[in-house]
>>> print(open('model.csv').read())   # CSV, C-alpha atoms
chain,number,residue,atom,x,y,z
A,1,MET,CA,0.0,0.0,0.0
A,2,ALA,CA,1.2,3.5,-0.8
A,3,GLY,CA,4.4,2.0,-2.3
A,4,ARG,CA,5.5,0.5,1.0
A,5,THR,CA,5.4,-3.0,2.4
A,6,TYR,CA,3.8,-3.7,5.8
A,7,PRO,CA,4.7,-6.8,7.8
A,8,LEU,CA,1.5,-8.6,8.5
A,9,THR,CA,0.7,-12.0,9.9
A,10,ILE,CA,-2.6,-13.3,8.4
A,11,ARG,CA,-4.3,-16.6,8.0
A,12,ARG,CA,-4.0,-18.1,4.6
A,13,GLU,CA,-7.8,-18.0,4.1
A,14,ASP,CA,-7.7,-14.2,4.7
A,15,GLU,CA,-5.0,-13.5,2.1
A,16,GLU,CA,-7.4,-12.7,-0.8
A,17,ILE,CA,-9.5,-10.2,1.3
A,18,VAL,CA,-6.3,-8.6,2.7
A,19,ARG,CA,-5.0,-8.1,-0.8
A,20,GLU,CA,-8.3,-6.6,-1.9
A,21,ALA,CA,-8.3,-4.2,1.1
A,22,ALA,CA,-4.8,-3.1,0.1
A,23,ARG,CA,-5.9,-2.6,-3.5
A,24,GLN,CA,-8.9,-0.5,-2.4
A,25,VAL,CA,-6.6,1.7,-0.2
A,26,ASN,CA,-4.3,2.2,-3.2
A,27,VAL,CA,-7.2,3.1,-5.5
A,28,ARG,CA,-8.4,5.7,-3.1
A,29,LEU,CA,-5.0,7.0,-2.3
A,30,ASN,CA,-4.2,7.5,-5.9
A,31,ALA,CA,-7.5,9.3,-6.5
A,32,TYR,CA,-6.7,11.7,-3.6
A,33,ARG,CA,-3.1,12.1,-4.8
A,34,ASP,CA,-4.4,13.1,-8.3
A,35,TYR,CA,-6.8,15.6,-6.8
A,36,TYR,CA,-4.6,16.9,-3.9
A,37,SER,CA,-1.1,16.8,-5.5
A,38,GLU,CA,0.3,19.2,-2.9
A,39,VAL,CA,-0.7,17.2,0.2
A,40,SER,CA,1.8,14.8,1.8
A,41,SER,CA,1.4,11.0,1.6
A,42,GLU,CA,0.8,10.9,5.4
A,43,GLN,CA,-2.1,13.3,5.1
A,44,LEU,CA,-3.5,11.5,2.1
A,45,LEU,CA,-3.4,8.2,4.1
A,46,GLY,CA,-5.2,9.9,6.9
A,47,MET,CA,-7.9,11.1,4.5
A,48,VAL,CA,-8.3,7.6,3.1
A,49,ALA,CA,-8.5,6.1,6.6
A,50,TYR,CA,-11.1,8.7,7.5
A,51,GLN,CA,-13.1,7.9,4.4
A,52,PHE,CA,-13.1,4.1,5.2
A,53,ALA,CA,-14.0,4.8,8.9
A,54,LEU,CA,-16.9,7.0,7.8
A,55,GLU,CA,-18.2,4.3,5.4
A,56,ASN,CA,-17.8,1.7,8.0
A,57,LEU,CA,-19.9,3.6,10.5
A,58,ARG,CA,-22.6,4.3,8.0
A,59,MET,CA,-22.7,0.6,7.1
A,60,LYS,CA,-22.9,-0.3,10.8
A,61,ASP,CA,-25.9,2.1,11.2
A,62,ARG,CA,-27.6,0.5,8.1
A,63,HIS,CA,-27.4,-3.0,9.7
A,64,ASP,CA,-28.9,-1.9,13.0
A,65,THR,CA,-32.2,-3.8,12.8
A,66,ALA,CA,-33.3,-3.0,16.4
A,67,PRO,CA,-35.7,-0.1,15.4
A,68,TYR,CA,-37.3,-2.3,12.7
A,69,THR,CA,-37.6,-5.2,15.1
A,70,ALA,CA,-39.2,-3.1,17.7
A,71,LYS,CA,-41.7,-1.6,15.2
A,72,LEU,CA,-42.6,-5.1,13.9
A,73,LYS,CA,-43.3,-6.3,17.4
A,74,GLU,CA,-45.5,-3.2,18.0
A,75,LEU,CA,-47.4,-3.8,14.8
A,76,THR,CA,-47.7,-7.5,15.6
A,77,ASP,CA,-49.1,-6.7,19.0
A,78,VAL,CA,-51.7,-4.3,17.4
A,79,LEU,CA,-52.8,-7.0,14.9
A,80,GLU,CA,-53.0,-9.7,17.5
A,81,ALA,CA,-55.2,-7.4,19.7
A,82,CYS,CA,-57.4,-6.7,16.7
A,83,PHE,CA,-57.8,-10.4,15.9
A,84,LYS,CA,-58.7,-11.1,19.5
A,85,HIS,CA,-61.5,-8.6,19.4
A,86,ASP,CA,-62.8,-9.8,16.1
A,87,THR,CA,-62.8,-13.5,17.0
A,88,PRO,CA,-66.2,-14.7,18.1
A,89,GLN,CA,-66.1,-16.0,21.7
A,90,PRO,CA,-67.7,-19.3,22.4
>>> encode(input="model.csv", output="structure tokens")
Amino acid sequence: MAGRTYPLTIRREDEEIVREAARQVNVRLNAYRDYYSEVSSEQLLGMVAYQFALENLRMKDRHDTAPYTAKLKELTDVLEACFKHDTPQP
């Protein structure tokens, strides 16, 4: 990444995803480098890290199903209550 090597110890089954992550960092770093040619590599790497962190947090929020689960339970309770009132009692 960024023209440097980084000593990492990874599991063999993770090699492909680690290489893809490095590729994505390089793609973004090169895009920033083209746009901000006067900025240092260290700053560019910080910008790339910030962008990935922001995307990660946004994805985390997207996968938070608690509000939807709570709303489904609420709607289920309302429906069950309606069916209880509409069901003829013996």
>>> residues_around(input="model.csv", residues="stretch 28-39 of chain A", least_positions_apart="5", cutoff="7 Å", atoms="only C-alpha atoms", output="ChimeraX atom specification")
/A:44-45,48
>>> closest_residue(input="model.csv", among="A:Tyr6, A:Tyr68, A:Phe83, A:Phe52", to="A:Val25", atoms="only C-alpha atoms")
A:Phe52
>>> atom_distance(input="model.csv", atom1="atom CA of A:Gln43", atom2="atom CA of A:Met59")
24.3 Å
>>> atom_distance(input="model.csv", atom1="atom CA of A:Asp14", atom2="atom CA of A:Met47")
25.3 Å
